[in-house]
Amino acid sequence: MSVSETAKVLTEGRTEVKNTTCYMCACRCGIRVHLRDGEVRYIQGNPDHPLNKGVICAKGSSGIMKQYSPARLTKPLKRKEGALRGDAQFEEISWEEAFSTLEERLANIRATDPKKFALFTGRDQMQALTGLFAKNFGTPNYAAHGGFCSVNMAAGMIYTIGGSFWEFGGPDLERSKLFVMIGTAEDHHSNPLKIELAKFKRNGGRFISINPVRTGYSAIADEWIPIKPGTDGALLLAITHEIIKTGLYDREFLVQYSNSAELVNLDPKSSEYGMFVRAEVPEEEGCFDPQNKLWWDRNSNKAVVCRTKGADPRLLGEFTLEDGTPVKPAFQLLKERVEQYTPEWAANITGIPTETIRRLAHEMGIVARDEKIELPIAWTDVWDNEHQSVTGNPVSFHAMRGLAAHSNGFQTIRALSILMSILGTIDRPGGFRHKAPFPRPIPPCPKTGKSWDDVQPNTPLNGMPLGWPADPDDLFVDENGGPIRIDKGFSWEHPLSVHGMMHNAITNACRQDPYGIDTLLIFMANMAWNSSMNTDEVRQMLNDKDDNGEYKIPFLVVADAFQSEMVAYADLVLPDTTYLERHDVMSMLDRPISEYDGPVDSVRIPVVPPTGECKPFQEVLIELGSRLKLPAFTREDGSRKFRDYPDFVTNFETAPGSGIGFLAGWRGKSGEKDMKGEPNPNQWKMYEENNCVYQYHLPKSYQYMRNWNQGYLQWAQAHSLTRYDEPINIHIYSEVLQKFRLAAQGKSQGKQPPQHLRKRIETHFDPLPFYSEPLESQLSDKHKYPLNAVTQRPMAMYHSWDSQNAWLRQIHTYNFLYVHPQTAKAAGIEDEGWMWVESMHGKVRCLCRYSEAVEPGTVWTWNAIGKASGAWNLDGSANESKQGFLLNHVISEELPANEAGEHISNSDPVTGQAGWYDVRVRIYPAGPDEEKVTFPQYDTMPAVPGTPKRRPWQNYFAGLFTRKGEF
Amino acid sequence: MTQLALVIDLNVCVGCHACVTSCKQWNTSGQAGPLFDDNPFTKDPTGTFFNRVQTFEIGEFPKTETLHFPKSCLHCEDAPCVPVCPTGASHKRSEDGIVLVDYDKCIGCKYCSWACPYGMREFDEYQKVMKKCTLCVDRIYDETLDERDRKPACVLACPTSARLFGDVHDPDSEASVAVRERGGYQLMPEWGTKPANHYLPRRKTQISIHEDELVRVDNPLKKEDIRHETSKDVSLDDWLM
């Protein structure tokens, strides 16, 4: 293009600006998309959006290159007759053929055996719709990616404090004085956290980062404390030990707002052993904690009903009830538990000096106690006590996958939640704060099906597709205690797998364990690459055939916007749109973008038309749901209920007349109602006119202490955020876990674990947090595999989907394995030399880079950069496949055979969280004669039909790029 | 005389590269564009970026610092790239101190990039002209934009507000105040180039704990003291009358 051409477009181009919501990662920032002659000219952070306040990240700023990427799928495709899965040999078909193929196949499955259809989605921010589809279909086999992402964080915190980090809560950095970030957490809530972190530092806050690696946010920490991966629990318990020992805990907070003072039955002969003693026979209808437990009152020196006015309970000591039952307050049990976890003990495990651990505890405790915040906000608690102010202890934390992606992560995160609680920081200024719809009861109310009775042909699933077990009877198991779901979620193997276990779905389906399925529909998940553990073998499994020559997973459908590694294995490819081409909702029924001061939801509205024949996945579900006559999508006469997805969002209600729909803003006939109200035909327009976002500001008196805030809880109940306005007391001691333990010990009625899992359940369902080495470490030869290997995600890349992006791949073109120089030299590996990293499961050849910013017992790499050759429509010679590598090849989705079974998931035994970061490796140099490329290598995936031309060079200039048809 | 510049706060820069790609997207479709990308989907992709972030490790484990260092044209007050330009393409504007390249005059001789001690120039291999940061000169004076938007794209994008933009000759500008009060410094001042852009150094917040802060009369453990049993030993109580 010539200078005169660009000058002409600059002066004469037709420009417009449209608001929508970003989707270059999962943050969901508000964006203003500037268009010139219909092409994207500039994507700006929306300054009027509460989430990102005008800023935008490297990914969001590169949305243009995603929109015009040569990896775009633009046509429905089916695998060519005779071609193998993985060959990526496709022919174009019409949408009608795609839909009728699916309709016929799925209608038959639904009428005969609905479990044979499985729907797993990479994105978990569309679960309200995908889950509704799965439930209405009647299959138990549905989940999003949380099981292999960060379910430990959600479960560990929600089962303790009724909320968790990221979408549902976070650190109040505006008022915090000390902020501690543990483990890699850069990729969740990234822009908001960056904004707040910078303000926090400018305000003189102290930032401590505990992480094996110093990258990302850790770079600007005031102090970096390197730690050995998987040992965070030991550190947190030792800090708790020191805080209790020195009396730095917030006694008042614990007494009133947690179960710390409640008395636990310690009569070993009682069937109630380890349970709280109740004042009366409990009538516990619903999913909340009735206030019928006991305290030991120091004034009267006897047991009284908890929270009796004027009573002052003991937190420590042991007592005997009138009937002779020995009891102890829960806090006494916590104190006894952490007595063994001394700083000296933890120093050996974590690699952090004893004095540092002790100092951390003192810093946290003293800041929490001596720098108290008092806000002049009057509020009333659920016990009718009026408070003149809201107080806060300004110590805050953030953590995500660094803690979560270990098989001991659930108990580690319980320990973190308890530490945050004993410091008195829950939903208080300067500490942790909830975001609507949280806090929710512990655990939240929804439950899955409970037996095969709940799975019937041509019938919606009886139960939610995912839920929150409160006791063993909530498990989704057969009469022998065996799993009902293909991923074995909600079974005795992983009872609290509240996000499902997508990472085991393919392996289990191929082994027909517990049974075979027919159709697997995967949306936006790269299971043939970096979304799978044991990637190399999973790729083979996708291609595995039985003795009759039929694929073990007979029909594989992939919906994606881009030519990922997974697309190569599809029998049917459904081309999705980009985020700039679709309607979307960040729904209160799902994972909204709420702020601390109230509920927020938002939408995407198309700013450019769909490319080729791309169709938003939501439209695919609405169409299929209508064709299959699923109740949620069909009128009583069997006719189609919703024209399209926008129509669905406008008119869908959770129950007839409930007034609750996918969007909480501008409800009611003319948009006059908040949160709840009749469908509003102009709702989309109102979002469009309001920056695509709806924000509700709670009154100040409802913004804190929401677990116990009468005003807030009544408001939340009235607006149907919660069913109850009962207090949500912190579970320092978890009766839920104790119920599973009692079952494992054979001491309770109801569902019982299979014999081979009893010990595992008894060990891991400990009502108090404990430290144990990650399972894989326990089963590894640590002399042979002396190092930990972990990954972190670069801030400029997210998941696998950015290597196609011409700008972002210039920032991260391939990845190294970062190794401490001493560790590398001891193994004879040179800086920038080729090396092998090997676990007991597999090995990878890669490039080494020396780094002083890594704990010497750990090696690490950037996730999401290495690619299979040809995938994402990169040339076969691209650096991503020749020098880049994927660590997943050395990580297994299953543990070595152990007493719990031969094929137990490599996951947290409580939640099924994938233990990505548990892998142990050894390293050695590659031989001088070896090929200088990463291993393994795969045949180059060809560009599939319909993908745009791959330009050998480009000059992007909005208004001329695609129109000119030249480079 | 006005001297526009960026003041970059290394104390909060997390190395996210938002400035890098927001610059690219604004400028490739702007007056300075297009910005060429070579091999965008094959081996060794490369292209024109006006702004890049480098990452350095400083010190030895465990006292390691990881420093993210955004770099773009520093708009030197005594810019060595200007006098070496044989055609006058490389010039420094008197009105605001921005150093610019006039593509129409540039012959691609690269003298300026050899002269620049900071390596901040980007040769466009397609147009065969030298390019570089313009401080988004096509934004900052555009009165059709909201006033808040009349800033370089990198400044608007930066999630940690690590990039301050303003007149470093105006002692009251936010940029000058930051330089003055927070130890702002120039890169390689010994070269005498007087870079207009400045960097703000890392600052550490420490908490010092005094031993007596661990001892408190209201220590909650005292509430839990379980009453001691009566002493069975003989005491003065038994004797004194």
# chains A, B, ... in the order shown; residues from 1 in each chain; ligands from 1

call {"tool": "residues_around", "arguments": {"residues": "Glu65 in chain B", "least_positions_apart": "4", "cutoff": "9 Å", "atoms": "only C-alpha atoms", "output": "list in words"}}
result
Arg214, Ala219, Ile220, Trp224, Glu852 and Ala853 of chain A; Phe56, Glu57, Ile58, Gly59, Glu60 and Phe61 of chain B

call {"tool": "interface_residues", "arguments": {"of": "chain A", "to": "chain B", "cutoff": "7 Å", "atoms": "only C-alpha atoms", "output": "CSV table (one decimal) with C-alpha atoms, in the first residue's frame"}}
result
chain,number,residue,atom,x,y,z
A,41,ARG,CA,-8.5,0.1,14.0
A,42,TYR,CA,-7.9,0.3,17.7
A,45,GLY,CA,-9.9,0.0,27.4
A,55,VAL,CA,-6.7,0.1,30.9
A,56,ILE,CA,-6.1,-2.8,28.6
A,57,CYS,CA,-3.4,-5.5,28.5
A,58,ALA,CA,-1.1,-6.8,25.9
A,61,SER,CA,-4.5,-4.7,22.6
A,62,SER,CA,-3.7,-7.5,20.1
A,191,ASN,CA,-6.0,-6.2,34.9
A,194,LYS,CA,-2.5,-4.9,38.2
A,195,ILE,CA,-4.4,-1.6,38.7
A,198,ALA,CA,0.2,-0.4,41.6
A,204,GLY,CA,3.2,2.6,50.7
A,205,GLY,CA,1.7,-0.9,51.1
A,206,ARG,CA,4.1,-3.8,51.7
A,214,ARG,CA,10.4,-14.5,40.6
A,215,THR,CA,8.5,-13.3,37.5
A,216,GLY,CA,5.4,-11.3,36.8
A,217,TYR,CA,4.0,-9.5,39.8
A,219,ALA,CA,9.2,-8.8,40.3
A,220,ILE,CA,7.8,-5.7,42.0
A,222,ASP,CA,9.1,-5.7,48.3
A,246,THR,CA,1.9,-15.6,70.2
A,247,GLY,CA,-1.7,-14.7,70.6
A,251,ARG,CA,-10.3,-13.6,69.2
A,314,ARG,CA,-13.6,-20.4,75.8
A,315,LEU,CA,-11.6,-20.9,72.7
A,316,LEU,CA,-9.2,-23.2,74.4
A,795,MET,CA,1.1,-12.1,30.9
A,796,ALA,CA,1.1,-11.5,27.2
A,806,ALA,CA,1.1,-12.2,14.8
A,810,GLN,CA,6.8,-11.8,18.4
A,852,GLU,CA,18.9,-16.8,39.3
A,853,ALA,CA,15.2,-16.1,39.8
A,874,LEU,CA,1.4,-21.6,11.8
A,875,ASP,CA,3.9,-22.8,9.3
A,877,SER,CA,8.8,-24.5,10.6
A,878,ALA,CA,7.5,-22.1,13.2
A,879,ASN,CA,9.6,-21.7,16.3
A,950,ARG,CA,-1.4,-17.3,5.7
A,952,PRO,CA,4.2,-14.3,4.3
A,953,TRP,CA,4.4,-10.7,5.6
A,954,GLN,CA,1.9,-8.0,6.5
A,955,ASN,CA,1.3,-4.4,6.9
A,956,TYR,CA,-1.8,-4.0,9.0
A,957,PHE,CA,-3.6,-0.8,8.3
A,958,ALA,CA,-7.3,-0.7,9.3

call {"tool": "closest_residue", "arguments": {"among": "B:Pro201, B:Phe123, B:Leu187, B:Glu174", "to": "Lys71 in chain B", "atoms": "only C-alpha atoms"}}
result
B:Leu187

call {"tool": "atom_distance", "arguments": {"atom1": "CA of Gly13 in chain A", "atom2": "CA of Leu808 in chain A"}}
result
27.1 Å

call {"tool": "closest_residue", "arguments": {"among": "B:Val137, B:Val168, B:Val99, B:Met188", "to": "Cys81 in chain B", "atoms": "only C-alpha atoms"}}
result
B:Val99

call {"tool": "closest_residue", "arguments": {"among": "A:Lys78, A:Arg539, A:Lys739, A:Lys59", "to": "Glu272 in chain A", "atoms": "only C-alpha atoms"}}
result
A:Lys739

call {"tool": "atom_distance", "arguments": {"atom1": "CA of Ser602 in chain A", "atom2": "CA of Ser531 in chain A"}}
result
27.2 Å

call {"tool": "residues_around", "arguments": {"residues": "Ser780 in chain A", "least_positions_apart": "5", "cutoff": "10 Å", "atoms": "only C-alpha atoms", "output": "number ranges by chain"}}
result
A: 775, 785-786, 839-840, 895-896, 919-921

call {"tool": "decode", "arguments": {"residues": "range 367-428 of chain A", "atoms": "C-alpha atoms", "output": "short mmCIF file (atom, residue, chain, number, x, y, z; two decimals), in the first residue's frame"}}
result
data_model
loop_
_atom_site.label_atom_id
_atom_site.label_comp_id
_atom_site.auth_asym_id
_atom_site.auth_seq_id
_atom_site.Cartn_x
_atom_site.Cartn_y
_atom_site.Cartn_z
CA VAL A 367 -0.28 -5.36 61.05
CA ALA A 368 -3.68 -7.02 61.44
CA ARG A 369 -3.87 -6.09 65.11
CA ASP A 370 -2.19 -2.69 65.28
CA GLU A 371 -3.19 -1.05 62.01
CA LYS A 372 -6.88 -1.63 62.38
CA ILE A 373 -9.20 0.24 60.08
CA GLU A 374 -12.41 1.68 61.39
CA LEU A 375 -15.00 2.86 58.91
CA PRO A 376 -17.86 4.97 60.21
CA ILE A 377 -20.45 2.64 58.74
CA ALA A 378 -23.24 1.45 61.01
CA TRP A 379 -24.57 -2.04 60.33
CA THR A 380 -26.60 -4.71 62.01
CA ASP A 381 -25.60 -8.34 62.26
CA VAL A 382 -27.91 -11.32 61.89
CA TRP A 383 -28.14 -11.64 65.67
CA ASP A 384 -29.63 -8.12 65.83
CA ASN A 385 -26.51 -6.57 67.30
CA GLU A 386 -26.05 -3.05 66.09
CA HIS A 387 -22.53 -1.97 65.23
CA GLN A 388 -21.51 1.65 64.95
CA SER A 389 -18.60 0.92 62.65
CA VAL A 390 -17.01 -1.61 60.38
CA THR A 391 -13.53 -2.63 61.42
CA GLY A 392 -10.85 -4.21 59.32
CA ASN A 393 -7.47 -5.83 59.79
CA PRO A 394 -5.49 -4.72 56.74
CA VAL A 395 -3.70 -7.91 55.75
CA SER A 396 -4.69 -9.46 52.45
CA PHE A 397 -3.76 -12.42 50.30
CA HIS A 398 -4.10 -13.64 46.77
CA ALA A 399 -3.41 -17.06 45.35
CA MET A 400 -4.65 -19.16 42.47
CA ARG A 401 -3.20 -22.10 40.61
CA GLY A 402 0.14 -22.03 42.40
CA LEU A 403 -1.59 -23.39 45.49
CA ALA A 404 -4.43 -25.10 43.71
CA ALA A 405 -2.68 -27.31 41.15
CA HIS A 406 -1.27 -29.70 43.73
CA SER A 407 -2.88 -32.86 45.03
CA ASN A 408 -2.58 -31.43 48.55
CA GLY A 409 -4.05 -28.13 47.37
CA PHE A 410 -7.47 -28.43 48.97
CA GLN A 411 -6.07 -28.74 52.48
CA THR A 412 -3.45 -26.06 51.70
CA ILE A 413 -6.21 -23.68 50.69
CA ARG A 414 -8.23 -24.63 53.76
CA ALA A 415 -5.11 -23.63 55.72
CA LEU A 416 -4.89 -20.32 53.87
CA SER A 417 -8.58 -19.59 54.46
CA ILE A 418 -8.16 -20.38 58.13
CA LEU A 419 -5.09 -18.16 58.39
CA MET A 420 -7.06 -15.33 56.75
CA SER A 421 -9.85 -15.99 59.24
CA ILE A 422 -7.79 -16.08 62.42
CA LEU A 423 -6.27 -12.77 61.32
CA GLY A 424 -9.85 -11.48 61.23
CA THR A 425 -9.81 -10.41 57.60
CA ILE A 426 -12.92 -11.95 56.05
CA ASP A 427 -15.17 -9.48 54.21
CA ARG A 428 -13.64 -6.62 56.09
#
